[in-house]
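Quick notes on the structure that follows.
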Amino acid sequence: MQAQTPKDSTQLRNFYDLSLLDGHSYQWLDALSNDIGARLSGSKGAEKAVQWAKAELESIGLDKVWLQPVMVPKWERGAPEKAWIEGPDGKIDVPVCALGGSIATATAGITAPVIEVQGLEDLAQYGEDQIKGKIVFYNRPMQADLIQTFSAYGGCVDQRYSGAREAAKYGAVGVIVRSMNLRMDDLPHTGAMSYGDLPNDQRIPAAAISTNGAALLSKMLKKNKDTEFYLKMNCANYEDVPSFNVIGEITGSEKPNEFMVVGGHLDSWDLGDGSHDDGAGVVQSMEVLRLMKAANYKPKHSIRVVLFMNEENGLRGGNKYAEVAKEKGERHVFALESDAGGFTPRGFQFDTNEANFEQVQSWIPLFKPYLIHYFEMGGSGADIGPLKGEGTVLAGLRPDSQRYFDHHHASNDTFDAVNKRELELGAATMTSLVYLMDTYGVKPAPITNDTELKD
C-alpha cells in the first residue's frame with residue numbers, strides 16, 4: 001500500500017480552499033431550489049432540472065455531457081389534503097399529506113373509526129374482526145436514543161412503505177402513518193409507499209400525519225376508542241413518462257476506460273424544494289468535477305458525475321445507469337454518493353473489501369485537519385447500489401444527521417435550511433476522497449486458495 005505524500009496534503013488543502021473561497025455549490029443550490037423548486041419524477045420541475053443541470057455541466061468545460069433516457073413513474077398530489085379528528089366538541093383539524101404512490105380517497109373523503117398499532121407485526125394480533133372498516137393508525141416513533149438517526153428511520157419506515165398493503169389484507173379502509181420525524185411539530189412528511197401486487201380494487205389510501213397530530217390522535221383514542229377520523233386526498237397515479245439521468249465526464253489521462261462516479265439524485269418530493277434531499281448531493285457532486293477542473297487536476301481514471309432521476313419513488317435512474325454500463329461493458333471501479341443532506345460532513349461509509357478499507361484508513365491523517373473522522377464499513381447509497389459487484393468500491397458521504405429528519409420529505413426542506421459553509425465543506429470532502437481513490441486506485445480482493453479452505 002502506497003503511503004500518503006506531502007503532495008496529497010497540499011492537493012486536499014487546495015480543494016478545500018477553492019470550495020470555501022470560490023465555490024459554486026451554494027449558488028447552484030439556490031438556482032435549483034428557488035428557480036426550479038420541487039422535482040418529483042415525471043413533473044415539469046424534474047424536466048426543468050434536467051435541462052438546467054445539463055447546461056451547468058456544459059458550462060464548466062467537461063469533456064462530455066449527455067442525457068441518459070429513463071422511463072419514470074408519474075404521481076401527482078392534487079389539491080391539498082384535508083383531515084380532522086371527530087372530537088367530543090367538534091372536529092379538530094390535523095396536518096396530513098398523501099404518501100407518494102397512494103390512491104385518492106372517494107371524492108367526499110372517508111370517515112371511519114381508528115385503530116392504533118405500533119407496527120406491521122401488530123396487525124395479526126388484532127385480526128380482521130378488529131380492523132375491517134377502520135383506518136389503521138401506525139404510531140411507532142423513530143427511536144430517539146439511537147445516535148445514528150438513519151438507523152432510527154430504518155426501524156419504522158416499513159410502516160410507511162408497506163402499511164397500506166398489509167392493512168388492506170385485514171379489510172382496513174385507509175392508513176395514517178406517523179411521520180418519520182424525530183421532532184415534535186406540525187409538519188407531515190411524505191415518502192414512498194407500495195401496494196406490491198395488491199389488486200387495484202383492494203388498494204386503500206395512505207397518508208402521513210405530523211408528529212403533533214399523531215400524539216393528539218393517540219391521546220384521544222385512549223380517552224375514546226371509538227374516535228373517528230376524516231381524510232380526503234386528491235392524488236393520482238399516471239402512466240410512466242420519459243425522463244433522463246444527467247451525466248458529465250472528465251476523461252481519464254491514463255485509464256480512460258475505468259470509471260469513477262460521483263452523484264446524487266435530481267428528483268425530490270413535492271412539498272418543499274428538496275434542498276437537503278437531494279439538491280445538496282446534486283450540487284456537491286457537480287462541484288467535485290468543477291473543483292478538479294479549477295485545480296487543474298487531471299485524473300487518471302475517467303470521472304463521471306451522474307445526477308440520477310427517480311430515486312425517491314422508484315430508483316429507475318440508478319437501475320438504468322447500471323444496466324447501460326453493463327450493456328456497454330464499462331468497468332466501474334469506484335462510486336460515491338451524497339444523499340444524506342447538506343449538513344457538516346463527518347466522513348464516509350464504505351461497501352468494499354478489507355484491502356480497500358485499510359487503504360482508506362491510511363488516509364485518515366489527511367482528513368484530520370478538516371475534522372473528518374468517520375470512516376466505517378456498512379453502506380453507500382441507493383442509486384449507486386446497482387453498481388455493486390466486480391470489485392467496485394462504493395461509498396456514501398456521511399454528514400451530521402441529527403437535524404436531517406426535521407426536514408426529510410417535508411415542506412421545510414428548503415434552501416434556507418442549508419448552511420453555505422457546511423455544503424461547501426461536503427463538496428471539498430467528496431472531491432478529496434475521489435482524488436485519493438483516483439491517485440492510488442482500487443485494491444482487488446485477496447485471492448483465496450480453495451483447497452486450503454477445504455482442508
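Following the order of the C-alpha cells, first chain is A, next is B, and so on, with residues numbered from 1 inside each chain and ligands from 1 in the order they appear.
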Between range 188-259 of chain A and range 84-96 of chain A, at 9 Å or less, what are the per-residue closest atom pairs and their distances in Å? Count only C-alpha atoms, order by chain and rising residue number, and return it as a tab-separated table.
```
residue	atom	partner	partner_atom	distance
A:Pro188	CA	A:Val96	CA	5.4
A:His189	CA	A:Val96	CA	8.2
A:Thr190	CA	A:Val96	CA	8.9
A:Ala207	CA	A:Val96	CA	6.3
A:Ala208	CA	A:Val96	CA	5.4
A:Ile209	CA	A:Val96	CA	4.4
A:Ser210	CA	A:Pro95	CA	5.8
A:Asn212	CA	A:Val94	CA	8.5
A:Gly213	CA	A:Val94	CA	5.5
A:Ala214	CA	A:Val94	CA	8.7
A:Leu216	CA	A:Val94	CA	8.8
A:Leu217	CA	A:Ile85	CA	7.2
A:Met220	CA	A:Gly87	CA	7.8
A:Thr227	CA	A:Glu86	CA	6.4
A:Glu228	CA	A:Glu86	CA	5.3
A:Phe229	CA	A:Ile85	CA	4.7
A:Tyr230	CA	A:Trp84	CA	5.3
A:Leu231	CA	A:Trp84	CA	6.9
```
List every residue of range 194-338 of chain A that DSSP, applied to the backbone of this structure, assigns to alpha helix (DSSP H), and report them as JSON, numbers by chain.
{"A": [211, 212, 213, 214, 215, 216, 217, 218, 219, 220, 221, 222, 223, 280, 281, 282, 283, 284, 285, 286, 287, 288, 289, 290, 291, 292, 293, 294, 316, 317, 318, 319, 320, 321, 322, 323, 324, 325, 326, 327, 328]}
Restrict the selected residues to C-alpha atoms and save them as a PDB file, in the first residue's frame.
```
ATOM      1  CA  THR A 211     -45.876  14.036  14.955  1.00  0.00           C
ATOM      2  CA  ASN A 212     -48.006  16.509  16.945  1.00  0.00           C
ATOM      3  CA  GLY A 213     -51.082  15.247  15.117  1.00  0.00           C
ATOM      4  CA  ALA A 214     -50.130  11.658  15.903  1.00  0.00           C
ATOM      5  CA  ALA A 215     -49.689  12.457  19.593  1.00  0.00           C
ATOM      6  CA  LEU A 216     -53.089  14.152  19.696  1.00  0.00           C
ATOM      7  CA  LEU A 217     -54.859  11.306  17.902  1.00  0.00           C
ATOM      8  CA  SER A 218     -53.264   8.733  20.200  1.00  0.00           C
ATOM      9  CA  LYS A 219     -54.317  10.726  23.264  1.00  0.00           C
ATOM     10  CA  MET A 220     -57.910  10.977  22.036  1.00  0.00           C
ATOM     11  CA  LEU A 221     -58.066   7.261  21.230  1.00  0.00           C
ATOM     12  CA  LYS A 222     -57.026   6.468  24.780  1.00  0.00           C
ATOM     13  CA  LYS A 223     -59.986   8.518  26.027  1.00  0.00           C
ATOM     14  CA  ALA A 280     -27.263  19.273  -1.755  1.00  0.00           C
ATOM     15  CA  GLY A 281     -25.970  15.964  -3.113  1.00  0.00           C
ATOM     16  CA  VAL A 282     -26.579  17.083  -6.690  1.00  0.00           C
ATOM     17  CA  VAL A 283     -24.622  20.329  -6.421  1.00  0.00           C
ATOM     18  CA  GLN A 284     -21.849  18.774  -4.336  1.00  0.00           C
ATOM     19  CA  SER A 285     -21.371  16.096  -6.980  1.00  0.00           C
ATOM     20  CA  MET A 286     -21.281  18.691  -9.750  1.00  0.00           C
ATOM     21  CA  GLU A 287     -18.791  20.670  -7.681  1.00  0.00           C
ATOM     22  CA  VAL A 288     -16.421  17.687  -7.437  1.00  0.00           C
ATOM     23  CA  LEU A 289     -15.730  17.860 -11.159  1.00  0.00           C
ATOM     24  CA  ARG A 290     -15.659  21.644 -11.190  1.00  0.00           C
ATOM     25  CA  LEU A 291     -13.106  21.717  -8.364  1.00  0.00           C
ATOM     26  CA  MET A 292     -10.909  19.249 -10.220  1.00  0.00           C
ATOM     27  CA  LYS A 293     -11.039  21.493 -13.276  1.00  0.00           C
ATOM     28  CA  ALA A 294     -10.371  24.620 -11.185  1.00  0.00           C
ATOM     29  CA  ARG A 316     -35.314   3.911 -12.022  1.00  0.00           C
ATOM     30  CA  GLY A 317     -32.319   6.191 -12.700  1.00  0.00           C
ATOM     31  CA  GLY A 318     -29.862   4.196 -10.632  1.00  0.00           C
ATOM     32  CA  ASN A 319     -31.012   0.920 -12.150  1.00  0.00           C
ATOM     33  CA  LYS A 320     -30.889   2.320 -15.691  1.00  0.00           C
ATOM     34  CA  TYR A 321     -27.361   3.681 -15.275  1.00  0.00           C
ATOM     35  CA  ALA A 322     -26.082   0.303 -14.040  1.00  0.00           C
ATOM     36  CA  GLU A 323     -27.977  -1.519 -16.796  1.00  0.00           C
ATOM     37  CA  VAL A 324     -26.445   0.617 -19.557  1.00  0.00           C
ATOM     38  CA  ALA A 325     -22.983   0.351 -18.002  1.00  0.00           C
ATOM     39  CA  LYS A 326     -23.279  -3.428 -18.049  1.00  0.00           C
ATOM     40  CA  GLU A 327     -24.562  -3.467 -21.640  1.00  0.00           C
ATOM     41  CA  LYS A 328     -21.561  -1.381 -22.727  1.00  0.00           C
TER      42      LYS A 328
END
```
Let me make sure I understand: among A:Gly109, A:Gly441, A:Gly154, A:Gly196, which one has the smallest atom-to-atom distance to Met180 in chain A if we use only C-alpha atoms?
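Counting only C-alpha atoms, the residue closest to Met180 in chain A is A:Gly154.
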Nearby residues (only C-alpha atoms) at most 8 Å from Gly347 in chain A, same-chain spacing under 3 positions excluded, as a PDB file with C-alpha atoms, in the first residue's frame:
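The result, written out as result17.pdb:
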```
ATOM      1  CA  ILE A 372     -13.400  14.432   9.017  1.00  0.00           C
ATOM      2  CA  HIS A 373     -13.138  11.385  11.249  1.00  0.00           C
ATOM      3  CA  TYR A 374     -15.915   8.896  10.444  1.00  0.00           C
ATOM      4  CA  PHE A 375     -14.669   6.050   8.225  1.00  0.00           C
ATOM      5  CA  LEU A 397     -20.870  10.780   2.279  1.00  0.00           C
ATOM      6  CA  ARG A 398     -21.989  10.900   5.907  1.00  0.00           C
ATOM      7  CA  PRO A 399     -22.856  14.382   7.177  1.00  0.00           C
ATOM      8  CA  THR A 429     -14.529  16.366   1.320  1.00  0.00           C
TER       9      THR A 429
END
```
CA of Pro369 in chain A to CA of Leu425 in chain A, distance in Å rounded to a single decimal
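Computing it gives 12.1 Å between the two atoms.
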Excluding same-chain residues fewer than 4 positions from range 350-355 of chain A, what lies within 7 Å of it counting only C-alpha atoms, as a compact mmCIF listing (two decimals) with all heavy atoms, in the first residue's frame?
```
# COMPACT_ATOMS: atom_id res chain seq x y z
N GLN A 359 -6.82 0.73 3.01
CA GLN A 359 -6.23 1.85 2.29
C GLN A 359 -6.91 3.15 2.69
O GLN A 359 -6.23 4.17 2.94
CB GLN A 359 -6.34 1.64 0.78
CG GLN A 359 -5.87 2.85 -0.02
CD GLN A 359 -5.73 2.59 -1.50
OE1 GLN A 359 -4.62 2.48 -2.00
NE2 GLN A 359 -6.86 2.48 -2.19
N GLU A 376 -16.21 4.19 8.15
CA GLU A 376 -16.78 2.93 8.61
C GLU A 376 -17.25 2.07 7.44
O GLU A 376 -17.65 2.59 6.40
CB GLU A 376 -17.99 3.19 9.53
CG GLU A 376 -17.68 3.97 10.79
CD GLU A 376 -16.90 3.16 11.81
OE1 GLU A 376 -16.93 1.92 11.74
OE2 GLU A 376 -16.25 3.77 12.69
N MET A 377 -17.21 0.77 7.63
CA MET A 377 -17.83 -0.14 6.68
C MET A 377 -19.33 -0.16 6.95
O MET A 377 -19.77 0.11 8.06
CB MET A 377 -17.26 -1.55 6.87
CG MET A 377 -15.80 -1.69 6.50
SD MET A 377 -15.55 -1.89 4.72
CE MET A 377 -15.64 -3.68 4.59
N GLY A 378 -20.12 -0.45 5.94
CA GLY A 378 -21.52 -0.65 6.23
C GLY A 378 -22.53 -0.12 5.26
O GLY A 378 -23.72 -0.34 5.43
N GLY A 379 -22.17 0.60 4.23
CA GLY A 379 -23.20 1.07 3.30
C GLY A 379 -22.66 2.14 2.39
O GLY A 379 -21.53 2.60 2.54
N SER A 380 -23.49 2.56 1.43
CA SER A 380 -23.05 3.59 0.47
C SER A 380 -24.25 4.45 0.11
O SER A 380 -24.54 5.44 0.77
CB SER A 380 -22.42 2.94 -0.76
OG SER A 380 -23.29 1.97 -1.34
N VAL A 393 -15.74 -0.32 -5.59
CA VAL A 393 -15.80 0.25 -4.24
C VAL A 393 -16.95 1.26 -4.21
O VAL A 393 -16.99 2.18 -5.03
CB VAL A 393 -14.47 0.95 -3.88
CG1 VAL A 393 -14.58 1.63 -2.51
CG2 VAL A 393 -13.32 -0.06 -3.89
N LEU A 394 -17.86 1.10 -3.26
CA LEU A 394 -19.00 2.01 -3.11
C LEU A 394 -18.84 2.80 -1.82
O LEU A 394 -18.45 2.24 -0.79
CB LEU A 394 -20.32 1.24 -3.09
CG LEU A 394 -20.61 0.32 -4.28
CD1 LEU A 394 -21.97 -0.35 -4.10
CD2 LEU A 394 -20.56 1.09 -5.59
N ALA A 395 -19.16 4.08 -1.85
CA ALA A 395 -19.03 4.93 -0.67
C ALA A 395 -20.17 5.92 -0.60
O ALA A 395 -20.73 6.33 -1.63
CB ALA A 395 -17.69 5.67 -0.70
N GLY A 396 -20.52 6.32 0.60
CA GLY A 396 -21.54 7.34 0.82
C GLY A 396 -21.02 8.41 1.76
O GLY A 396 -20.43 8.09 2.79
N LYS A 443 -8.00 -1.57 -4.68
CA LYS A 443 -7.28 -2.79 -4.32
C LYS A 443 -8.17 -4.01 -4.56
O LYS A 443 -9.29 -4.07 -4.05
CB LYS A 443 -6.85 -2.76 -2.86
CG LYS A 443 -6.04 -1.52 -2.47
CD LYS A 443 -4.75 -1.43 -3.26
CE LYS A 443 -3.97 -0.19 -2.88
NZ LYS A 443 -2.79 0.02 -3.74
N ALA A 445 -9.68 -7.77 -4.16
CA ALA A 445 -9.83 -8.66 -3.01
C ALA A 445 -8.75 -9.73 -3.05
O ALA A 445 -8.38 -10.20 -4.14
CB ALA A 445 -11.22 -9.32 -3.03
```
